[in-house]
file data30.cif (mmCIF, C-alpha atoms)
data_target
#
loop_
_atom_site.group_PDB
_atom_site.id
_atom_site.type_symbol
_atom_site.label_atom_id
_atom_site.label_comp_id
_atom_site.auth_asym_id
_atom_site.auth_seq_id
_atom_site.Cartn_x
_atom_site.Cartn_y
_atom_site.Cartn_z
ATOM 1 C CA MET G 1489 -64.848 -142.825 24.138
ATOM 2 C CA ALA G 1490 -61.448 -144.521 24.123
ATOM 3 C CA PRO G 1491 -58.652 -142.507 22.508
ATOM 4 C CA LYS G 1492 -57.675 -143.407 18.963
ATOM 5 C CA THR G 1493 -54.306 -145.062 18.495
ATOM 6 C CA VAL G 1494 -52.363 -143.044 15.899
ATOM 7 C CA LEU G 1495 -49.066 -144.347 14.512
ATOM 8 C CA ILE G 1496 -46.925 -141.726 12.764
ATOM 9 C CA THR G 1497 -43.729 -142.453 10.820
ATOM 10 C CA GLY G 1498 -40.793 -140.053 10.477
ATOM 11 C CA CYS G 1499 -41.160 -138.177 13.780
ATOM 12 C CA SER G 1500 -37.575 -137.128 14.499
ATOM 13 C CA SER G 1501 -38.169 -133.668 13.003
ATOM 14 C CA GLY G 1502 -40.398 -131.545 10.781
ATOM 15 C CA ILE G 1503 -44.010 -132.439 10.057
ATOM 16 C CA GLY G 1504 -43.901 -135.785 11.865
ATOM 17 C CA LEU G 1505 -42.608 -134.205 15.069
ATOM 18 C CA ALA G 1506 -45.093 -131.324 14.941
ATOM 19 C CA LEU G 1507 -48.040 -133.655 14.303
ATOM 20 C CA ALA G 1508 -47.047 -136.106 17.044
ATOM 21 C CA VAL G 1509 -46.836 -133.264 19.566
ATOM 22 C CA ARG G 1510 -50.089 -131.662 18.383
ATOM 23 C CA LEU G 1511 -52.061 -134.901 18.756
ATOM 24 C CA ALA G 1512 -50.406 -135.956 22.007
ATOM 25 C CA ARG G 1513 -51.161 -132.587 23.601
ATOM 26 C CA ASP G 1514 -54.774 -132.545 22.431
ATOM 27 C CA LYS G 1515 -56.810 -130.978 25.247
ATOM 28 C CA GLN G 1516 -59.574 -133.558 24.864
ATOM 29 C CA ARG G 1517 -57.057 -136.436 24.979
ATOM 30 C CA ARG G 1518 -58.615 -138.033 21.904
ATOM 31 C CA PHE G 1519 -55.384 -139.672 20.743
ATOM 32 C CA ARG G 1520 -52.788 -142.142 21.896
ATOM 33 C CA VAL G 1521 -49.780 -141.338 19.716
ATOM 34 C CA ILE G 1522 -47.101 -143.815 18.708
ATOM 35 C CA ALA G 1523 -44.368 -141.623 17.245
ATOM 36 C CA THR G 1524 -41.847 -143.657 15.279
ATOM 37 C CA MET G 1525 -38.497 -142.973 13.689
ATOM 38 C CA ARG G 1526 -35.657 -144.947 12.133
ATOM 39 C CA ASN G 1527 -33.105 -143.825 14.722
ATOM 40 C CA VAL G 1528 -34.512 -143.319 18.234
ATOM 41 C CA GLY G 1529 -31.199 -141.710 19.141
ATOM 42 C CA ARG G 1530 -32.610 -138.635 17.391
ATOM 43 C CA SER G 1531 -35.717 -138.507 19.598
ATOM 44 C CA GLY G 1532 -34.465 -135.701 21.866
ATOM 45 C CA ALA G 1533 -36.243 -132.874 20.035
ATOM 46 C CA LEU G 1534 -39.540 -134.783 20.044
ATOM 47 C CA ALA G 1535 -39.247 -135.681 23.726
ATOM 48 C CA ALA G 1536 -38.519 -132.062 24.637
ATOM 49 C CA ALA G 1537 -41.414 -130.721 22.568
ATOM 50 C CA ALA G 1538 -43.849 -133.316 23.933
ATOM 51 C CA GLY G 1539 -43.058 -132.404 27.543
ATOM 52 C CA PRO G 1540 -45.433 -134.050 30.033
ATOM 53 C CA ALA G 1541 -47.304 -135.825 27.210
ATOM 54 C CA LEU G 1542 -44.341 -138.197 26.827
ATOM 55 C CA GLY G 1543 -45.173 -141.476 28.528
ATOM 56 C CA ARG G 1544 -48.834 -140.503 28.851
ATOM 57 C CA THR G 1545 -50.387 -139.820 25.462
ATOM 58 C CA LEU G 1546 -47.183 -140.190 23.447
ATOM 59 C CA GLU G 1547 -44.833 -143.144 23.085
ATOM 60 C CA ILE G 1548 -41.675 -143.202 20.969
ATOM 61 C CA LYS G 1549 -40.813 -146.399 19.072
ATOM 62 C CA GLN G 1550 -38.206 -147.474 16.536
ATOM 63 C CA LEU G 1551 -39.498 -148.111 13.015
ATOM 64 C CA ASP G 1552 -37.654 -148.066 9.698
ATOM 65 C CA VAL G 1553 -40.101 -147.990 6.772
ATOM 66 C CA CYS G 1554 -37.445 -149.620 4.566
ATOM 67 C CA ASP G 1555 -37.173 -152.674 6.856
ATOM 68 C CA GLU G 1556 -40.096 -155.111 7.009
ATOM 69 C CA GLY G 1557 -38.697 -156.715 10.158
ATOM 70 C CA SER G 1558 -38.564 -153.333 11.903
ATOM 71 C CA ILE G 1559 -42.152 -152.567 10.898
ATOM 72 C CA ARG G 1560 -43.431 -155.929 12.157
ATOM 73 C CA ALA G 1561 -41.521 -155.619 15.432
ATOM 74 C CA CYS G 1562 -43.068 -152.207 16.066
ATOM 75 C CA LEU G 1563 -46.596 -153.401 15.264
ATOM 76 C CA ASP G 1564 -46.122 -156.548 17.364
ATOM 77 C CA SER G 1565 -45.266 -154.369 20.373
ATOM 78 C CA ILE G 1566 -48.678 -152.654 20.178
ATOM 79 C CA PRO G 1567 -51.557 -154.420 22.022
ATOM 80 C CA GLY G 1568 -53.573 -156.365 19.460
ATOM 81 C CA ARG G 1569 -51.559 -154.586 16.727
ATOM 82 C CA HIS G 1570 -54.489 -152.180 16.810
ATOM 83 C CA ILE G 1571 -53.974 -148.967 14.819
ATOM 84 C CA ASP G 1572 -56.923 -146.630 14.268
ATOM 85 C CA VAL G 1573 -54.991 -144.057 12.218
ATOM 86 C CA LEU G 1574 -51.754 -144.568 10.295
ATOM 87 C CA VAL G 1575 -49.979 -141.360 9.283
ATOM 88 C CA SER G 1576 -47.347 -142.182 6.664
ATOM 89 C CA ASN G 1577 -44.961 -139.243 6.841
ATOM 90 C CA ALA G 1578 -41.411 -140.630 6.537
ATOM 91 C CA GLY G 1579 -39.692 -139.374 3.419
ATOM 92 C CA VAL G 1580 -36.505 -138.095 1.826
ATOM 93 C CA GLY G 1581 -35.878 -135.475 -0.842
ATOM 94 C CA MET G 1582 -33.781 -135.044 -3.947
ATOM 95 C CA VAL G 1583 -33.253 -131.978 -6.104
ATOM 96 C CA GLY G 1584 -30.915 -131.134 -8.961
ATOM 97 C CA PRO G 1585 -30.009 -131.977 -12.562
ATOM 98 C CA LEU G 1586 -30.838 -135.574 -13.433
ATOM 99 C CA GLU G 1587 -27.344 -136.309 -14.771
ATOM 100 C CA CYS G 1588 -25.843 -135.516 -11.366
ATOM 101 C CA GLN G 1589 -27.942 -138.035 -9.443
ATOM 102 C CA SER G 1590 -27.027 -141.708 -9.116
ATOM 103 C CA LEU G 1591 -29.476 -144.521 -9.771
ATOM 104 C CA ALA G 1592 -28.643 -145.912 -6.338
ATOM 105 C CA ALA G 1593 -29.755 -142.640 -4.700
ATOM 106 C CA MET G 1594 -32.921 -142.603 -6.811
ATOM 107 C CA GLN G 1595 -33.749 -146.184 -5.834
ATOM 108 C CA SER G 1596 -33.137 -145.390 -2.166
ATOM 109 C CA LEU G 1597 -35.524 -142.432 -2.386
ATOM 110 C CA MET G 1598 -38.234 -144.572 -3.990
ATOM 111 C CA ASP G 1599 -37.672 -147.243 -1.349
ATOM 112 C CA THR G 1600 -38.445 -144.729 1.407
ATOM 113 C CA ASN G 1601 -41.045 -142.453 -0.174
ATOM 114 C CA PHE G 1602 -43.076 -145.046 -2.079
ATOM 115 C CA PHE G 1603 -42.277 -148.577 -0.962
ATOM 116 C CA GLY G 1604 -42.063 -147.383 2.650
ATOM 117 C CA LEU G 1605 -45.723 -146.381 2.378
ATOM 118 C CA VAL G 1606 -46.608 -149.665 0.669
ATOM 119 C CA ARG G 1607 -44.941 -151.681 3.435
ATOM 120 C CA MET G 1608 -46.825 -149.773 6.123
ATOM 121 C CA VAL G 1609 -50.190 -150.129 4.390
ATOM 122 C CA LYS G 1610 -49.661 -153.859 3.810
ATOM 123 C CA GLU G 1611 -49.031 -154.248 7.535
ATOM 124 C CA VAL G 1612 -52.013 -152.293 8.905
ATOM 125 C CA LEU G 1613 -54.686 -152.647 6.211
ATOM 126 C CA PRO G 1614 -55.652 -156.315 6.837
ATOM 127 C CA ASP G 1615 -56.595 -155.586 10.465
ATOM 128 C CA MET G 1616 -58.446 -152.415 9.485
ATOM 129 C CA LYS G 1617 -60.420 -154.406 6.911
ATOM 130 C CA ARG G 1618 -61.251 -157.082 9.484
ATOM 131 C CA ARG G 1619 -62.473 -154.414 11.909
ATOM 132 C CA ARG G 1620 -64.186 -152.493 9.094
ATOM 133 C CA GLY G 1621 -62.696 -149.262 10.319
ATOM 134 C CA GLY G 1622 -59.540 -147.225 10.134
ATOM 135 C CA HIS G 1623 -57.902 -144.258 8.481
ATOM 136 C CA ILE G 1624 -54.701 -144.117 6.444
ATOM 137 C CA VAL G 1625 -53.345 -140.569 6.140
ATOM 138 C CA VAL G 1626 -50.475 -140.013 3.722
ATOM 139 C CA ILE G 1627 -48.325 -136.899 3.756
ATOM 140 C CA SER G 1628 -47.944 -136.461 0.011
ATOM 141 C CA SER G 1629 -47.039 -133.230 -1.795
ATOM 142 C CA ILE G 1630 -48.334 -130.819 -4.391
ATOM 143 C CA MET G 1631 -45.567 -132.450 -6.451
ATOM 144 C CA GLY G 1632 -47.684 -135.587 -6.494
ATOM 145 C CA LEU G 1633 -50.071 -133.633 -8.731
ATOM 146 C CA GLN G 1634 -47.670 -131.420 -10.657
ATOM 147 C CA GLY G 1635 -44.046 -132.061 -11.525
ATOM 148 C CA ILE G 1636 -41.602 -129.228 -10.797
ATOM 149 C CA VAL G 1637 -38.375 -128.579 -12.702
ATOM 150 C CA PHE G 1638 -35.282 -130.205 -11.103
ATOM 151 C CA ASN G 1639 -37.475 -132.284 -8.763
ATOM 152 C CA ASP G 1640 -37.832 -135.125 -11.265
ATOM 153 C CA ILE G 1641 -37.243 -138.114 -8.961
ATOM 154 C CA TYR G 1642 -38.931 -136.679 -5.868
ATOM 155 C CA ALA G 1643 -42.013 -135.785 -7.942
ATOM 156 C CA ALA G 1644 -41.975 -139.282 -9.453
ATOM 157 C CA SER G 1645 -42.073 -140.810 -5.966
ATOM 158 C CA LYS G 1646 -45.040 -138.640 -4.995
ATOM 159 C CA PHE G 1647 -46.834 -139.405 -8.262
ATOM 160 C CA ALA G 1648 -46.396 -143.080 -7.368
ATOM 161 C CA VAL G 1649 -47.838 -142.428 -3.904
ATOM 162 C CA GLU G 1650 -50.848 -140.648 -5.393
ATOM 163 C CA GLY G 1651 -51.492 -143.381 -7.965
ATOM 164 C CA PHE G 1652 -51.196 -146.096 -5.325
ATOM 165 C CA CYS G 1653 -53.673 -144.383 -3.013
ATOM 166 C CA GLU G 1654 -56.070 -143.456 -5.816
ATOM 167 C CA SER G 1655 -56.156 -147.093 -6.890
ATOM 168 C CA LEU G 1656 -56.589 -148.408 -3.335
ATOM 169 C CA VAL G 1657 -59.187 -145.955 -2.003
ATOM 170 C CA VAL G 1658 -62.223 -147.536 -3.672
ATOM 171 C CA GLN G 1659 -61.440 -151.003 -2.316
ATOM 172 C CA ALA G 1660 -60.708 -149.532 1.121
ATOM 173 C CA LEU G 1661 -64.052 -147.731 1.239
ATOM 174 C CA ARG G 1662 -65.789 -151.082 0.789
ATOM 175 C CA PHE G 1663 -64.341 -152.012 4.196
ATOM 176 C CA ASN G 1664 -65.097 -148.598 5.779
ATOM 177 C CA VAL G 1665 -61.395 -147.680 5.718
ATOM 178 C CA ALA G 1666 -60.646 -144.076 4.754
ATOM 179 C CA ILE G 1667 -57.554 -142.978 2.824
ATOM 180 C CA SER G 1668 -56.501 -139.320 2.776
ATOM 181 C CA LEU G 1669 -53.686 -137.557 0.937
ATOM 182 C CA VAL G 1670 -52.417 -134.378 2.598
ATOM 183 C CA GLU G 1671 -50.687 -132.328 -0.113
ATOM 184 C CA PRO G 1672 -48.493 -129.457 1.156
ATOM 185 C CA GLY G 1673 -46.574 -127.041 -1.007
ATOM 186 C CA PRO G 1674 -43.237 -125.777 0.341
ATOM 187 C CA VAL G 1675 -42.748 -126.429 4.055
ATOM 188 C CA THR G 1676 -39.937 -124.755 5.971
ATOM 189 C CA THR G 1677 -38.257 -127.623 7.819
ATOM 190 C CA GLU G 1678 -34.796 -128.910 8.686
ATOM 191 C CA PHE G 1679 -35.408 -131.472 5.916
ATOM 192 C CA GLU G 1680 -35.737 -128.762 3.252
ATOM 193 C CA ALA G 1681 -32.919 -126.599 4.632
ATOM 194 C CA LYS G 1682 -30.414 -129.467 4.504
ATOM 195 C CA LEU G 1683 -31.572 -130.470 1.036
ATOM 196 C CA TYR G 1684 -30.909 -127.012 -0.397
ATOM 197 C CA GLU G 1685 -27.667 -126.511 1.513
ATOM 198 C CA GLU G 1686 -26.390 -129.752 0.018
ATOM 199 C CA ALA G 1687 -27.575 -128.688 -3.447
ATOM 200 C CA GLU G 1688 -25.495 -125.510 -3.219
ATOM 201 C CA ARG G 1689 -22.342 -127.542 -2.440
ATOM 202 C CA THR G 1690 -22.804 -130.274 -5.057
ATOM 203 C CA ASP G 1691 -20.487 -130.739 -8.038
ATOM 204 C CA TYR G 1692 -22.447 -130.226 -11.282
ATOM 205 C CA SER G 1693 -19.652 -131.105 -13.679
ATOM 206 C CA ARG G 1694 -21.582 -134.187 -14.847
ATOM 207 C CA THR G 1695 -24.152 -131.997 -16.578
ATOM 208 C CA ASP G 1696 -23.691 -129.330 -19.259
ATOM 209 C CA PRO G 1697 -22.762 -125.770 -18.197
ATOM 210 C CA GLU G 1698 -26.090 -124.302 -19.287
ATOM 211 C CA THR G 1699 -28.127 -126.740 -17.161
ATOM 212 C CA ALA G 1700 -25.809 -126.201 -14.176
ATOM 213 C CA ASP G 1701 -26.239 -122.439 -14.556
ATOM 214 C CA ILE G 1702 -30.048 -122.716 -14.786
ATOM 215 C CA PHE G 1703 -30.127 -124.809 -11.625
ATOM 216 C CA THR G 1704 -27.732 -122.784 -9.488
ATOM 217 C CA ASN G 1705 -28.581 -119.263 -10.677
ATOM 218 C CA LEU G 1706 -32.276 -119.562 -11.478
ATOM 219 C CA TYR G 1707 -33.800 -122.505 -9.635
ATOM 220 C CA LEU G 1708 -31.999 -122.263 -6.292
ATOM 221 C CA ARG G 1709 -32.433 -118.484 -6.125
ATOM 222 C CA ASN G 1710 -36.141 -118.656 -6.970
ATOM 223 C CA SER G 1711 -36.666 -121.560 -4.548
ATOM 224 C CA LYS G 1712 -35.410 -119.447 -1.656
ATOM 225 C CA ASP G 1713 -37.962 -116.769 -2.540
ATOM 226 C CA VAL G 1714 -40.728 -119.376 -2.890
ATOM 227 C CA PHE G 1715 -40.017 -120.841 0.552
ATOM 228 C CA ALA G 1716 -39.706 -117.413 2.158
ATOM 229 C CA SER G 1717 -42.943 -116.163 0.577
ATOM 230 C CA LEU G 1718 -45.217 -119.208 0.378
ATOM 231 C CA GLY G 1719 -43.684 -121.703 2.800
ATOM 232 C CA GLN G 1720 -45.744 -123.114 5.652
ATOM 233 C CA THR G 1721 -44.469 -124.282 9.011
ATOM 234 C CA PRO G 1722 -44.635 -127.925 10.156
ATOM 235 C CA GLU G 1723 -47.169 -126.741 12.744
ATOM 236 C CA ASP G 1724 -49.410 -125.431 9.937
ATOM 237 C CA ILE G 1725 -49.337 -128.838 8.251
ATOM 238 C CA ALA G 1726 -50.021 -130.544 11.594
ATOM 239 C CA GLU G 1727 -53.170 -128.441 12.005
ATOM 240 C CA HIS G 1728 -54.349 -129.306 8.500
ATOM 241 C CA THR G 1729 -53.667 -132.987 9.138
ATOM 242 C CA LEU G 1730 -55.570 -132.873 12.426
ATOM 243 C CA ARG G 1731 -58.588 -131.504 10.549
ATOM 244 C CA VAL G 1732 -58.379 -134.407 8.125
ATOM 245 C CA ILE G 1733 -58.095 -136.947 10.951
ATOM 246 C CA GLU G 1734 -61.039 -135.568 12.927
ATOM 247 C CA ALA G 1735 -63.345 -135.118 9.904
ATOM 248 C CA ALA G 1736 -66.573 -137.118 10.035
ATOM 249 C CA ARG G 1737 -66.086 -137.919 6.341
ATOM 250 C CA PRO G 1738 -62.351 -137.581 5.666
ATOM 251 C CA PRO G 1739 -61.478 -136.106 2.266
ATOM 252 C CA PHE G 1740 -59.412 -138.150 -0.158
ATOM 253 C CA ARG G 1741 -57.270 -135.130 -1.071
ATOM 254 C CA HIS G 1742 -56.525 -132.082 1.051
ATOM 255 C CA GLN G 1743 -54.220 -129.319 -0.198
ATOM 256 C CA THR G 1744 -52.774 -127.180 2.584
ATOM 257 C CA ASN G 1745 -51.722 -124.121 0.569
ATOM 258 C CA VAL G 1746 -54.342 -122.311 -1.536
ATOM 259 C CA ALA G 1747 -51.584 -120.537 -3.480
ATOM 260 C CA TYR G 1748 -50.895 -123.807 -5.289
ATOM 261 C CA THR G 1749 -54.477 -124.606 -6.319
ATOM 262 C CA PRO G 1750 -54.264 -122.673 -9.634
ATOM 263 C CA MET G 1751 -51.003 -124.437 -10.467
ATOM 264 C CA ALA G 1752 -52.568 -127.867 -10.014
ATOM 265 C CA ALA G 1753 -55.677 -126.754 -11.946
ATOM 266 C CA LEU G 1754 -53.649 -125.889 -15.076
ATOM 267 C CA LYS G 1755 -53.109 -129.574 -15.723
ATOM 268 C CA HIS G 1756 -56.823 -130.350 -15.739
ATOM 269 C CA ALA G 1757 -57.741 -127.276 -17.764
ATOM 270 C CA ASP G 1758 -55.882 -128.607 -20.828
ATOM 271 C CA PRO G 1759 -55.556 -132.412 -21.162
ATOM 272 C CA SER G 1760 -52.884 -131.982 -23.878
ATOM 273 C CA GLY G 1761 -50.483 -130.515 -21.305
ATOM 274 C CA ALA G 1762 -49.583 -127.572 -23.554
ATOM 275 C CA LEU G 1763 -51.077 -124.925 -21.257
ATOM 276 C CA MET G 1764 -49.245 -126.176 -18.195
ATOM 277 C CA THR G 1765 -45.928 -126.664 -19.995
ATOM 278 C CA ASP G 1766 -46.034 -123.239 -21.639
ATOM 279 C CA ALA G 1767 -46.973 -121.501 -18.378
ATOM 280 C CA PHE G 1768 -44.133 -123.093 -16.445
ATOM 281 C CA TYR G 1769 -41.598 -122.509 -19.228
ATOM 282 C CA LYS G 1770 -42.406 -118.797 -19.299
ATOM 283 C CA LEU G 1771 -42.401 -118.581 -15.510
ATOM 284 C CA VAL G 1772 -38.934 -120.102 -15.265
ATOM 285 C CA PHE G 1773 -37.187 -118.689 -18.329
ATOM 286 C CA LYS G 1774 -38.971 -115.473 -19.342
ATOM 287 C CA TYR G 1775 -40.643 -113.926 -16.330
ATOM 288 C CA ASP G 1776 -38.432 -115.036 -13.456
ATOM 289 C CA ALA G 1777 -37.823 -111.418 -12.412
ATOM 290 C CA VAL G 1778 -41.593 -110.824 -12.247
ATOM 291 C CA LEU G 1779 -41.935 -114.059 -10.265
ATOM 292 C CA ARG G 1780 -39.379 -112.919 -7.698
ATOM 293 C CA LEU G 1781 -41.011 -109.507 -7.307
ATOM 294 C CA SER G 1782 -44.428 -111.131 -6.872
ATOM 295 C CA LEU G 1783 -43.087 -113.518 -4.249
ATOM 296 C CA ARG G 1784 -41.478 -110.681 -2.313
ATOM 297 C CA ALA G 1785 -44.761 -108.749 -2.397
ATOM 298 C CA ILE G 1786 -46.569 -111.807 -1.034
ATOM 299 C CA ARG G 1787 -43.939 -112.137 1.699
ATOM 300 C CA LEU G 1788 -44.522 -108.513 2.724
ATOM 301 C CA LEU G 1789 -48.293 -108.992 2.800
ATOM 302 C CA ARG G 1790 -47.951 -112.143 4.908
ATOM 303 C CA TRP G 1791 -45.618 -110.332 7.301
ATOM 304 C CA LYS G 1792 -48.127 -107.499 7.699
ATOM 305 C CA ALA G 1793 -50.995 -109.946 8.254
ATOM 306 C CA GLN G 1794 -48.963 -111.715 10.932
ATOM 307 C CA LYS G 1795 -48.282 -108.412 12.702
ATOM 308 C CA VAL G 1796 -52.008 -107.610 12.660
ATOM 309 C CA LYS G 1797 -52.779 -111.014 14.219
ATOM 310 C CA GLU G 1798 -50.139 -110.512 16.890
ATOM 311 C CA GLY G 1799 -51.541 -107.075 17.687
ATOM 312 C CA ALA G 1800 -55.075 -108.496 17.946
ATOM 313 C CA ARG G 1801 -53.887 -111.181 20.358
ATOM 314 C CA LEU G 1802 -52.163 -108.586 22.540
ATOM 315 C CA LEU G 1803 -55.448 -106.664 22.694
ATOM 316 C CA GLY G 1804 -57.301 -109.788 23.782
ATOM 317 C CA PHE G 1805 -58.964 -110.631 20.477
ATOM 318 C CA LYS G 1806 -58.829 -114.184 19.117
#
call {"tool": "encode", "arguments": {"input": "data30.cif", "output": "structure tokens"}}
result
Amino acid sequence: MAPKTVLITGCSSGIGLALAVRLARDKQRRFRVIATMRNVGRSGALAAAAGPALGRTLEIKQLDVCDEGSIRACLDSIPGRHIDVLVSNAGVGMVGPLECQSLAAMQSLMDTNFFGLVRMVKEVLPDMKRRRGGHIVVISSIMGLQGIVFNDIYAASKFAVEGFCESLVVQALRFNVAISLVEPGPVTTEFEAKLYEEAERTDYSRTDPETADIFTNLYLRNSKDVFASLGQTPEDIAEHTLRVIEAARPPFRHQTNVAYTPMAALKHADPSGALMTDAFYKLVFKYDAVLRLSLRAIRLLRWKAQKVKEGARLLGFK
């Protein structure tokens, strides 16, 4: 069987890089990976990680999801413009008090996170429909299901992604085209690290002192504990995404972190939204100390589990 052609956006770092390498180094050579990024000058890390797969099962191409001309040029360079699997991964983040964020920055984020996906789908879907086969995999977020305090605009972009895909999936199925949303929780990447480093340096004088204090002394502190305790690696997300790609009947939604399933379920348990709102309010403003202690306990348990796995591997157990 010929390898599937997989085009991935946003491969200069993080999830995109990890997934491109994982597929390109597949032992069964089931994939031909086209790893794309806006600036190919930042391809060094990907090339190094790919090793001998580069030039064999992995090819690096320039593609800017915010530029229709760039997208078309990339697709035109592929024989027959044939894409079996599109992985829409390119994205940017934004965190902080709403008053401190410019509309221009918000629009730029939506242009990448939402309209970037739309542009890619518009370009590959017609051929998939003609062939009556294909798979569109979207790296979404748990924040596409549940908004999180101080992530207003980022969550909005992911809600838009989820609504777009939920609306499109039924039509796509008519043409035997699968759509899958991969929904991670916190992922420890360069992307996230830079986002939070920048947040710590930002001037919050455009908001009121109480909001600035909540963000800097509650949210940022708790976020560090959340990432340290519950965060997954890009390689974890790559493995989850591989499972979605190779599934005989790909799921529409796939959450990568079971710790976030109860959080998403709160919304559906009470259609009025009162249960979810009350739970999050208390978590942030009343029981934040309990939250931090719980997260640190989880971190300790995960550390111990990792040590047990490492010990088992040293003894020859899988």
call {"tool": "residues_around", "arguments": {"input": "data30.cif", "residues": "Ile1503 in chain G", "least_positions_apart": "4", "cutoff": "10 Å", "atoms": "all atoms listed in the file", "output": "ChimeraX atom specification"}}
result
/G:1498-1499,1507-1509,1577-1578,1627,1675-1679,1721-1726,1729
call {"tool": "resolve_selection", "arguments": {"input": "data30.cif", "expression": "the PyMOL selection byres ((chain G and resi 1687-1689) around 8)", "output": "PyMOL selection string"}}
result
chain G and resi 1583-1584+1683-1686+1690-1691+1704+1708
call {"tool": "residues_around", "arguments": {"input": "data30.cif", "residues": "Met1594 in chain G", "least_positions_apart": "5", "cutoff": "12 Å", "atoms": "all atoms listed in the file", "output": "count of residues only"}}
result
20
call {"tool": "closest_residue", "arguments": {"input": "data30.cif", "among": "G:Lys1770, G:Arg1526, G:Arg1737, G:Arg1513", "to": "Pro1540 in chain G", "atoms": "only C-alpha atoms"}}
result
G:Arg1513
call {"tool": "closest_residue", "arguments": {"input": "data30.cif", "among": "G:Ala1536, G:Ala1506, G:Ala1490, G:Val1670", "to": "Ile1630 in chain G", "atoms": "all atoms listed in the file"}}
result
G:Val1670
call {"tool": "residues_around", "arguments": {"input": "data30.cif", "residues": "range 1743-1750 of chain G", "least_positions_apart": "3", "cutoff": "9 Å", "atoms": "all atoms listed in the file", "output": "list in words"}}
result
Ser1629, Ile1630, Leu1669, Val1670, Glu1671, Pro1672, Gly1673, Pro1674, Leu1718, Gly1719, Gln1720, Asp1724, Ile1725, His1728, Thr1729, Ala1753 and Leu1754 of chain G
call {"tool": "closest_residue", "arguments": {"input": "data30.cif", "among": "G:Leu1771, G:Leu1763, G:Leu1613, G:Ile1702", "to": "Pro1585 in chain G", "atoms": "all atoms listed in the file"}}
result
G:Ile1702
call {"tool": "residues_near_point", "arguments": {"input": "data30.cif", "point": "(-42.2, -141.4, 16.1)", "cutoff": "9 Å", "atoms": "all atoms listed in the file", "output": "count of residues only"}}
result
24
call {"tool": "atom_distance", "arguments": {"input": "data30.cif", "atom1": "CA of Pro1739 in chain G", "atom2": "CA of Ser1668 in chain G"}}
result
5.9 Å
call {"tool": "atom_distance", "arguments": {"input": "data30.cif", "atom1": "CA of Asp1555 in chain G", "atom2": "CA of Gly1604 in chain G"}}
result
8.3 Å
call {"tool": "atom_distance", "arguments": {"input": "data30.cif", "atom1": "CA of Met1616 in chain G", "atom2": "CA of Phe1647 in chain G"}}
result
24.9 Å
call {"tool": "resolve_selection", "arguments": {"input": "data30.cif", "expression": "the PyMOL selection byres ((chain G and resi 1738) around 10)", "output": "number ranges by chain"}}
result
G: 1623, 1625, 1666-1669, 1731-1737, 1739-1742
call {"tool": "write_last_selection", "arguments": {"input": "data30.cif", "atoms": "C-alpha atoms", "output": "PDB file, in the coordinates of the input"}}
result
ATOM      1  CA  HIS G1623     -57.902-144.258   8.481  1.00  0.00           C
ATOM      2  CA  VAL G1625     -53.345-140.569   6.140  1.00  0.00           C
ATOM      3  CA  ALA G1666     -60.646-144.076   4.754  1.00  0.00           C
ATOM      4  CA  ILE G1667     -57.554-142.978   2.824  1.00  0.00           C
ATOM      5  CA  SER G1668     -56.501-139.320   2.776  1.00  0.00           C
ATOM      6  CA  LEU G1669     -53.686-137.557   0.937  1.00  0.00           C
ATOM      7  CA  ARG G1731     -58.588-131.504  10.549  1.00  0.00           C
ATOM      8  CA  VAL G1732     -58.379-134.407   8.125  1.00  0.00           C
ATOM      9  CA  ILE G1733     -58.095-136.947  10.951  1.00  0.00           C
ATOM     10  CA  GLU G1734     -61.039-135.568  12.927  1.00  0.00           C
ATOM     11  CA  ALA G1735     -63.345-135.118   9.904  1.00  0.00           C
ATOM     12  CA  ALA G1736     -66.573-137.118  10.035  1.00  0.00           C
ATOM     13  CA  ARG G1737     -66.086-137.919   6.341  1.00  0.00           C
ATOM     14  CA  PRO G1739     -61.478-136.106   2.266  1.00  0.00           C
ATOM     15  CA  PHE G1740     -59.412-138.150  -0.158  1.00  0.00           C
ATOM     16  CA  ARG G1741     -57.270-135.130  -1.071  1.00  0.00           C
ATOM     17  CA  HIS G1742     -56.525-132.082   1.051  1.00  0.00           C
TER      18      HIS G1742
END
call {"tool": "closest_residue", "arguments": {"input": "data30.cif", "among": "G:Phe1638, G:Val1665, G:Asp1766, G:Lys1646", "to": "Ser1711 in chain G", "atoms": "only C-alpha atoms"}}
result
G:Phe1638
call {"tool": "residues_around", "arguments": {"input": "data30.cif", "residues": "Asp1572 in chain G", "least_positions_apart": "2", "cutoff": "7 Å", "atoms": "all atoms listed in the file", "output": "PDB file with C-alpha atoms, in the frame of the given file"}}
result
ATOM      1  CA  LYS G1492     -57.675-143.407  18.963  1.00  0.00           C
ATOM      2  CA  THR G1493     -54.306-145.062  18.495  1.00  0.00           C
ATOM      3  CA  VAL G1494     -52.363-143.044  15.899  1.00  0.00           C
ATOM      4  CA  HIS G1570     -54.489-152.180  16.810  1.00  0.00           C
ATOM      5  CA  LEU G1574     -51.754-144.568  10.295  1.00  0.00           C
ATOM      6  CA  GLY G1622     -59.540-147.225  10.134  1.00  0.00           C
ATOM      7  CA  HIS G1623     -57.902-144.258   8.481  1.00  0.00           C
TER       8      HIS G1623
END
call {"tool": "resolve_selection", "arguments": {"input": "data30.cif", "expression": "the PyMOL selection byres ((chain G and resi 1634) around 8)", "output": "list in words"}}
result
Ile1630, Met1631, Gly1632, Leu1633, Gly1635, Ile1636, Ala1643, Met1751, Ala1752 and Lys1755 of chain G
call {"tool": "decode", "arguments": {"input": "data30.cif", "residues": "range 1494-1502 of chain G", "atoms": "C-alpha atoms", "output": "short mmCIF file (atom, residue, chain, number, x, y, z; two decimals), in the first residue's frame"}}
result
data_model
loop_
_atom_site.label_atom_id
_atom_site.label_comp_id
_atom_site.auth_asym_id
_atom_site.auth_seq_id
_atom_site.Cartn_x
_atom_site.Cartn_y
_atom_site.Cartn_z
CA VAL G 1494 0.19 13.97 5.35
CA LEU G 1495 0.49 17.76 5.31
CA ILE G 1496 1.05 19.35 8.73
CA THR G 1497 1.03 23.10 9.43
CA GLY G 1498 3.06 24.81 12.16
CA CYS G 1499 6.02 22.41 12.31
CA SER G 1500 8.84 24.69 13.48
CA SER G 1501 8.37 23.60 17.10
CA GLY G 1502 6.04 21.96 19.62
#
